[in-house]
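Colleague: Sharing upload37.txt, compact mmCIF, N, CA, C and O atoms:
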```txt
# COMPACT_ATOMS: atom_id res chain seq x y z
N MET A 25 34.43 -108.18 65.33
CA MET A 25 33.98 -109.47 64.86
C MET A 25 33.81 -110.40 66.06
O MET A 25 34.56 -110.34 67.02
N ASP A 26 32.82 -111.25 65.98
CA ASP A 26 32.52 -112.18 67.06
C ASP A 26 33.60 -113.26 67.14
O ASP A 26 34.11 -113.73 66.13
N ILE A 27 33.96 -113.63 68.35
CA ILE A 27 35.01 -114.62 68.55
C ILE A 27 34.60 -115.99 68.01
O ILE A 27 35.44 -116.75 67.53
N ARG A 28 33.31 -116.31 68.07
CA ARG A 28 32.85 -117.60 67.54
C ARG A 28 33.03 -117.69 66.04
O ARG A 28 33.31 -118.76 65.50
N LEU A 29 32.89 -116.56 65.35
CA LEU A 29 33.10 -116.55 63.91
C LEU A 29 34.56 -116.83 63.57
O LEU A 29 34.86 -117.60 62.66
N ILE A 30 35.46 -116.23 64.32
CA ILE A 30 36.89 -116.48 64.12
C ILE A 30 37.22 -117.93 64.42
O ILE A 30 37.96 -118.58 63.67
N GLU A 31 36.66 -118.48 65.49
CA GLU A 31 36.89 -119.89 65.83
C GLU A 31 36.34 -120.81 64.74
O GLU A 31 36.94 -121.83 64.43
N THR A 32 35.20 -120.46 64.16
CA THR A 32 34.62 -121.26 63.09
C THR A 32 35.51 -121.25 61.85
O THR A 32 35.72 -122.28 61.21
N ILE A 33 36.05 -120.09 61.52
CA ILE A 33 36.96 -119.99 60.38
C ILE A 33 38.21 -120.82 60.62
O ILE A 33 38.68 -121.55 59.73
N ILE A 34 38.75 -120.76 61.84
CA ILE A 34 39.94 -121.55 62.18
C ILE A 34 39.62 -123.04 62.12
O ILE A 34 40.42 -123.83 61.59
N ALA A 35 38.46 -123.45 62.63
CA ALA A 35 38.08 -124.86 62.60
C ALA A 35 37.88 -125.34 61.16
O ALA A 35 38.31 -126.45 60.81
N GLY A 36 37.26 -124.54 60.32
CA GLY A 36 37.07 -124.91 58.92
C GLY A 36 38.38 -125.02 58.18
O GLY A 36 38.61 -125.96 57.40
N THR A 37 39.28 -124.08 58.44
CA THR A 37 40.60 -124.13 57.81
C THR A 37 41.38 -125.35 58.27
O THR A 37 42.02 -126.03 57.47
N SER A 38 41.31 -125.64 59.56
CA SER A 38 42.02 -126.81 60.07
C SER A 38 41.44 -128.10 59.49
O SER A 38 42.17 -129.08 59.29
N PHE A 39 40.13 -128.12 59.22
CA PHE A 39 39.53 -129.28 58.59
C PHE A 39 40.17 -129.55 57.23
O PHE A 39 40.56 -130.67 56.92
N PHE A 40 40.29 -128.52 56.41
CA PHE A 40 40.86 -128.71 55.08
C PHE A 40 42.34 -129.06 55.15
O PHE A 40 42.83 -129.87 54.36
N VAL A 41 43.07 -128.46 56.11
CA VAL A 41 44.49 -128.79 56.25
C VAL A 41 44.65 -130.24 56.71
O VAL A 41 45.48 -130.99 56.15
N LEU A 42 43.89 -130.66 57.72
CA LEU A 42 43.97 -132.05 58.20
C LEU A 42 43.59 -133.03 57.09
O LEU A 42 44.22 -134.07 56.94
N ARG A 43 42.56 -132.70 56.35
CA ARG A 43 42.13 -133.58 55.26
C ARG A 43 43.22 -133.70 54.20
O ARG A 43 43.53 -134.79 53.72
N PHE A 44 43.84 -132.58 53.84
CA PHE A 44 44.89 -132.60 52.84
C PHE A 44 46.09 -133.41 53.32
O PHE A 44 46.64 -134.23 52.57
N VAL A 45 46.49 -133.22 54.57
CA VAL A 45 47.63 -133.95 55.12
C VAL A 45 47.33 -135.45 55.20
O VAL A 45 48.18 -136.28 54.86
N ALA A 46 46.12 -135.81 55.63
CA ALA A 46 45.76 -137.22 55.74
C ALA A 46 45.74 -137.90 54.37
O ALA A 46 46.25 -139.02 54.22
N ILE A 47 45.16 -137.24 53.39
CA ILE A 47 45.10 -137.82 52.04
C ILE A 47 46.50 -137.94 51.45
O ILE A 47 46.84 -138.94 50.82
N LYS A 48 47.33 -136.94 51.67
CA LYS A 48 48.71 -136.98 51.18
C LYS A 48 49.47 -138.14 51.84
O LYS A 48 50.20 -138.87 51.17
N PHE A 49 49.26 -138.32 53.14
CA PHE A 49 49.92 -139.40 53.87
C PHE A 49 49.46 -140.76 53.37
O PHE A 49 50.27 -141.66 53.14
N LEU A 50 48.17 -140.92 53.17
CA LEU A 50 47.65 -142.20 52.67
C LEU A 50 48.11 -142.48 51.25
O LEU A 50 48.39 -143.63 50.89
N THR A 51 48.21 -141.45 50.44
CA THR A 51 48.71 -141.64 49.07
C THR A 51 50.18 -142.05 49.09
O THR A 51 50.60 -142.91 48.32
N GLN A 52 50.94 -141.46 50.02
CA GLN A 52 52.35 -141.83 50.14
C GLN A 52 52.48 -143.29 50.58
O GLN A 52 53.31 -144.03 50.06
N ILE A 53 51.65 -143.73 51.52
CA ILE A 53 51.68 -145.13 51.95
C ILE A 53 51.27 -146.04 50.80
O ILE A 53 51.85 -147.12 50.61
N GLN A 54 50.29 -145.61 50.02
CA GLN A 54 49.84 -146.40 48.88
C GLN A 54 50.98 -146.64 47.89
O GLN A 54 51.18 -147.76 47.42
N HIS A 55 51.74 -145.60 47.60
CA HIS A 55 52.84 -145.75 46.65
C HIS A 55 54.02 -146.50 47.25
O HIS A 55 54.70 -147.25 46.56
N GLN A 56 54.25 -146.30 48.55
CA GLN A 56 55.38 -146.94 49.20
C GLN A 56 55.21 -148.45 49.28
O GLN A 56 56.15 -149.21 49.05
N TYR A 57 53.98 -148.90 49.61
CA TYR A 57 53.74 -150.33 49.77
C TYR A 57 53.03 -150.96 48.57
O TYR A 57 52.60 -152.10 48.63
N HIS A 58 52.86 -150.19 47.52
CA HIS A 58 52.27 -150.66 46.25
C HIS A 58 50.86 -151.22 46.45
O HIS A 58 50.52 -152.27 45.91
N TYR A 59 50.06 -150.51 47.24
CA TYR A 59 48.66 -150.90 47.40
C TYR A 59 47.88 -150.37 46.19
O TYR A 59 48.22 -149.33 45.62
N SER A 60 46.80 -151.05 45.86
CA SER A 60 45.96 -150.54 44.77
C SER A 60 45.09 -149.41 45.32
O SER A 60 44.85 -149.31 46.51
N LYS A 61 44.62 -148.57 44.41
CA LYS A 61 43.79 -147.44 44.85
C LYS A 61 42.46 -147.93 45.41
O LYS A 61 41.84 -147.25 46.22
N TYR A 62 42.03 -149.11 45.01
CA TYR A 62 40.77 -149.65 45.52
C TYR A 62 40.89 -150.12 46.96
O TYR A 62 39.90 -150.24 47.67
N ARG A 63 42.11 -150.39 47.38
CA ARG A 63 42.34 -150.82 48.75
C ARG A 63 42.45 -149.63 49.70
O ARG A 63 42.09 -149.72 50.86
N ILE A 64 42.93 -148.52 49.19
CA ILE A 64 43.12 -147.31 50.01
C ILE A 64 41.86 -146.45 50.05
O ILE A 64 41.62 -145.73 51.01
N ARG A 65 41.02 -146.54 49.01
CA ARG A 65 39.84 -145.68 48.91
C ARG A 65 38.91 -145.76 50.12
O ARG A 65 38.49 -144.71 50.63
N PRO A 66 38.57 -146.95 50.65
CA PRO A 66 37.71 -146.97 51.85
C PRO A 66 38.36 -146.34 53.07
O PRO A 66 37.68 -145.70 53.88
N ILE A 67 39.68 -146.46 53.17
CA ILE A 67 40.38 -145.84 54.30
C ILE A 67 40.31 -144.32 54.18
O ILE A 67 40.09 -143.61 55.16
N LYS A 68 40.47 -143.81 52.96
CA LYS A 68 40.37 -142.37 52.74
C LYS A 68 38.97 -141.86 53.07
O LYS A 68 38.81 -140.80 53.67
N LYS A 69 37.96 -142.62 52.68
CA LYS A 69 36.58 -142.22 52.99
C LYS A 69 36.34 -142.19 54.49
O LYS A 69 35.70 -141.29 55.02
N PHE A 70 36.86 -143.20 55.20
CA PHE A 70 36.70 -143.25 56.64
C PHE A 70 37.40 -142.07 57.31
O PHE A 70 36.86 -141.45 58.22
N VAL A 71 38.61 -141.76 56.86
CA VAL A 71 39.36 -140.64 57.43
C VAL A 71 38.62 -139.32 57.18
O VAL A 71 38.49 -138.49 58.08
N ASN A 72 38.10 -139.13 55.97
CA ASN A 72 37.32 -137.93 55.66
C ASN A 72 36.09 -137.82 56.55
O ASN A 72 35.79 -136.74 57.08
N LEU A 73 35.38 -138.92 56.72
CA LEU A 73 34.19 -138.92 57.55
C LEU A 73 34.54 -138.63 59.00
O LEU A 73 33.84 -137.85 59.67
N PHE A 74 35.60 -139.23 59.50
CA PHE A 74 36.02 -139.00 60.89
C PHE A 74 36.39 -137.55 61.12
O PHE A 74 35.97 -136.94 62.11
N ILE A 75 37.14 -136.96 60.20
CA ILE A 75 37.54 -135.55 60.34
C ILE A 75 36.32 -134.64 60.25
O ILE A 75 36.18 -133.68 61.02
N LEU A 76 35.38 -134.94 59.35
CA LEU A 76 34.17 -134.13 59.22
C LEU A 76 33.30 -134.21 60.47
O LEU A 76 32.81 -133.19 60.96
N LEU A 77 33.11 -135.41 61.01
CA LEU A 77 32.31 -135.55 62.23
C LEU A 77 32.97 -134.84 63.40
O LEU A 77 32.28 -134.22 64.23
N THR A 78 34.29 -134.91 63.48
CA THR A 78 35.00 -134.19 64.53
C THR A 78 34.79 -132.68 64.39
O THR A 78 34.55 -131.98 65.38
N LEU A 79 34.85 -132.18 63.16
CA LEU A 79 34.61 -130.76 62.93
C LEU A 79 33.19 -130.37 63.33
O LEU A 79 32.99 -129.34 63.97
N LEU A 80 32.21 -131.20 62.98
CA LEU A 80 30.82 -130.89 63.35
C LEU A 80 30.64 -130.86 64.85
O LEU A 80 29.95 -129.98 65.39
N ILE A 81 31.26 -131.79 65.56
CA ILE A 81 31.15 -131.81 67.02
C ILE A 81 31.80 -130.57 67.62
O ILE A 81 31.25 -129.95 68.55
N VAL A 82 32.94 -130.17 67.08
CA VAL A 82 33.61 -128.97 67.58
C VAL A 82 32.76 -127.73 67.31
O VAL A 82 32.61 -126.87 68.18
N LEU A 83 32.16 -127.65 66.12
CA LEU A 83 31.32 -126.49 65.81
C LEU A 83 30.08 -126.44 66.69
O LEU A 83 29.67 -125.37 67.14
N ILE A 84 29.48 -127.60 66.95
CA ILE A 84 28.31 -127.64 67.83
C ILE A 84 28.69 -127.18 69.23
O ILE A 84 27.95 -126.44 69.88
N ALA A 85 29.85 -127.60 69.70
CA ALA A 85 30.31 -127.18 71.03
C ALA A 85 30.64 -125.69 71.06
O ALA A 85 30.32 -125.00 72.05
N MET A 86 31.25 -125.18 69.99
CA MET A 86 31.62 -123.76 69.96
C MET A 86 30.40 -122.86 69.91
O MET A 86 30.35 -121.83 70.56
N TRP A 87 29.42 -123.24 69.12
CA TRP A 87 28.23 -122.41 68.96
C TRP A 87 27.19 -122.67 70.05
O TRP A 87 26.12 -122.06 70.04
N ARG A 88 27.49 -123.61 70.95
CA ARG A 88 26.62 -123.92 72.10
C ARG A 88 25.17 -124.19 71.66
O ARG A 88 24.21 -123.62 72.18
N ILE A 89 25.04 -125.09 70.70
CA ILE A 89 23.72 -125.45 70.21
C ILE A 89 23.08 -126.40 71.21
O ILE A 89 23.68 -127.38 71.63
N GLU A 90 21.85 -126.12 71.59
CA GLU A 90 21.16 -126.96 72.56
C GLU A 90 20.74 -128.27 71.92
O GLU A 90 20.46 -128.35 70.72
N GLN A 91 20.66 -129.31 72.75
CA GLN A 91 20.33 -130.64 72.23
C GLN A 91 18.92 -130.68 71.65
O GLN A 91 18.68 -131.34 70.65
N ALA A 92 17.98 -129.98 72.25
CA ALA A 92 16.61 -129.99 71.75
C ALA A 92 16.55 -129.38 70.34
O ALA A 92 15.88 -129.91 69.46
N ASN A 93 17.24 -128.27 70.16
CA ASN A 93 17.27 -127.64 68.83
C ASN A 93 17.97 -128.52 67.81
O ASN A 93 17.55 -128.61 66.66
N LEU A 94 19.04 -129.18 68.24
CA LEU A 94 19.78 -130.05 67.34
C LEU A 94 18.93 -131.25 66.93
O LEU A 94 18.88 -131.62 65.76
N LEU A 95 18.23 -131.85 67.88
CA LEU A 95 17.38 -132.99 67.57
C LEU A 95 16.22 -132.59 66.66
O LEU A 95 15.82 -133.34 65.77
N THR A 96 15.68 -131.40 66.88
CA THR A 96 14.61 -130.91 66.01
C THR A 96 15.11 -130.73 64.57
O THR A 96 14.43 -131.12 63.62
N ALA A 97 16.28 -130.16 64.43
CA ALA A 97 16.84 -129.95 63.09
C ALA A 97 17.13 -131.28 62.40
O ALA A 97 16.81 -131.46 61.23
N ILE A 98 17.71 -132.22 63.14
CA ILE A 98 18.03 -133.53 62.55
C ILE A 98 16.77 -134.27 62.16
O ILE A 98 16.68 -134.85 61.07
N SER A 99 15.75 -134.24 63.02
CA SER A 99 14.51 -134.95 62.69
C SER A 99 13.81 -134.28 61.50
O SER A 99 13.20 -134.97 60.67
N SER A 100 13.90 -132.97 61.38
CA SER A 100 13.30 -132.29 60.24
C SER A 100 13.98 -132.67 58.93
O SER A 100 13.32 -132.94 57.92
N VAL A 101 15.30 -132.73 58.97
CA VAL A 101 16.05 -133.12 57.76
C VAL A 101 15.73 -134.55 57.38
O VAL A 101 15.52 -134.87 56.20
N LEU A 102 15.66 -135.45 58.36
CA LEU A 102 15.34 -136.84 58.07
C LEU A 102 13.91 -136.99 57.54
O LEU A 102 13.66 -137.83 56.67
N ALA A 103 12.98 -136.19 58.05
CA ALA A 103 11.60 -136.25 57.55
C ALA A 103 11.52 -135.80 56.10
O ALA A 103 10.86 -136.44 55.27
N VAL A 104 12.21 -134.73 55.77
CA VAL A 104 12.21 -134.25 54.39
C VAL A 104 12.87 -135.28 53.47
O VAL A 104 12.38 -135.56 52.36
N ALA A 105 13.98 -135.87 53.93
CA ALA A 105 14.65 -136.90 53.12
C ALA A 105 13.75 -138.12 52.94
O ALA A 105 13.70 -138.70 51.86
N GLY A 106 13.01 -138.50 53.97
CA GLY A 106 12.10 -139.63 53.87
C GLY A 106 10.98 -139.38 52.88
O GLY A 106 10.63 -140.25 52.07
N VAL A 107 10.40 -138.19 52.92
CA VAL A 107 9.34 -137.84 51.97
C VAL A 107 9.89 -137.82 50.55
O VAL A 107 9.25 -138.31 49.61
N ALA A 108 11.10 -137.29 50.38
CA ALA A 108 11.70 -137.24 49.04
C ALA A 108 11.97 -138.64 48.51
O ALA A 108 11.69 -138.94 47.34
N LEU A 109 12.48 -139.52 49.35
CA LEU A 109 12.75 -140.89 48.91
C LEU A 109 11.47 -141.64 48.60
O LEU A 109 11.41 -142.42 47.64
N PHE A 110 10.43 -141.41 49.40
CA PHE A 110 9.15 -142.08 49.15
C PHE A 110 8.55 -141.60 47.83
O PHE A 110 8.03 -142.41 47.04
N SER A 111 8.61 -140.30 47.58
CA SER A 111 8.04 -139.79 46.33
C SER A 111 8.85 -140.26 45.13
O SER A 111 8.30 -140.57 44.07
N GLU A 112 10.16 -140.37 45.28
CA GLU A 112 10.98 -140.90 44.19
C GLU A 112 10.64 -142.35 43.91
O GLU A 112 10.52 -142.76 42.77
N TRP A 113 10.46 -143.11 44.97
CA TRP A 113 10.09 -144.52 44.81
C TRP A 113 8.73 -144.64 44.13
O TRP A 113 8.52 -145.48 43.27
N SER A 114 7.80 -143.78 44.51
CA SER A 114 6.46 -143.80 43.92
C SER A 114 6.51 -143.45 42.44
O SER A 114 5.84 -144.09 41.61
N ILE A 115 7.29 -142.46 42.09
CA ILE A 115 7.41 -142.04 40.69
C ILE A 115 8.06 -143.14 39.87
O ILE A 115 7.63 -143.49 38.76
N LEU A 116 9.12 -143.75 40.41
CA LEU A 116 9.82 -144.80 39.68
C LEU A 116 8.96 -146.06 39.53
O LEU A 116 9.08 -146.79 38.55
N SER A 117 8.07 -146.33 40.49
CA SER A 117 7.24 -147.51 40.37
C SER A 117 6.17 -147.33 39.29
O SER A 117 5.66 -148.31 38.76
N ASN A 118 5.84 -146.10 38.94
CA ASN A 118 4.85 -145.84 37.91
C ASN A 118 5.43 -145.92 36.50
O ASN A 118 4.70 -145.95 35.53
N ILE A 119 6.73 -145.92 36.41
CA ILE A 119 7.37 -145.95 35.08
C ILE A 119 7.34 -147.36 34.53
O ILE A 119 7.57 -148.33 35.14
```
Would you mind giving the structure from this file in structure tokens?
Modeller:
Amino acid sequence: MDIRLIETIIAGTSFFVLRFVAIKFLTQIQHQYHYSKYRIRPIKKFVNLFILLTLLIVLIAMWRIEQANLLTAISSVLAVAGVALFSEWSILSNI
């Protein structure tokens, strides 16, 4: 088995473990200081996003993805999303 595949599995597993520990910790703080769930929810979202972005950066570094290929993929995804949003807007304006 390729070493990068093993590293990817370890990184993915660590993502879920870190996410679980962070959410558990924030829930414990919420109950300890009697915060409402609406006050903790944005913090949980930020922590999830931070952990996910860190995982993506680690995976990009592990798989040695070139910047040109990465920019091409990102621009392609954004172009497809833009066309989808424009067509949705066009369909909704006709209703």
Colleague: What is the distance between atom C of A:Gln52 and atom O of A:Leu73, in Å to one decimal?
Modeller: 21.4 Å
Colleague: Which is closest to A:Ile75 among A:Val45, A:Leu94, A:Arg88, A:Ala35, if we use only N, CA, C and O atoms?
Modeller: A:Ala35
Colleague: Could you jot down the atom O of A:Leu79 to atom O of A:Leu42 separation for me, Å, one decimal place?
Modeller: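 Interatomic distance here is 14.1 Å.
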Colleague: Tell me, in Å to one decimal, how far atom N of A:Ala46 is from atom C of A:Ile67.
Modeller: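 About the pair atom N of A:Ala46 and atom C of A:Ile67: they are 10.4 Å apart.
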Colleague: For A:Phe44, which of A:Asn72, A:Glu31, A:Arg63, A:His58 is the closest residue, counting only C-alpha atoms?
Modeller: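 Of A:Asn72, A:Glu31, A:Arg63, A:His58, the one nearest A:Phe44 is A:Asn72, counting only C-alpha atoms.
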Colleague: Tell me which of A:Met86, A:Ile98, A:Ala108, A:Asn93 sits closest to A:Leu29, counting all atoms listed in the file.
Modeller: A:Met86
Colleague: Go through A:Leu83, A:Lys68, A:Ser99, A:Leu50 one by one, measure the shortest atom-to-atom distance of each to A:Thr32 using all atoms listed in the file, and give the residue with the smallest value.
Modeller: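 Nearest to A:Thr32: A:Leu83.
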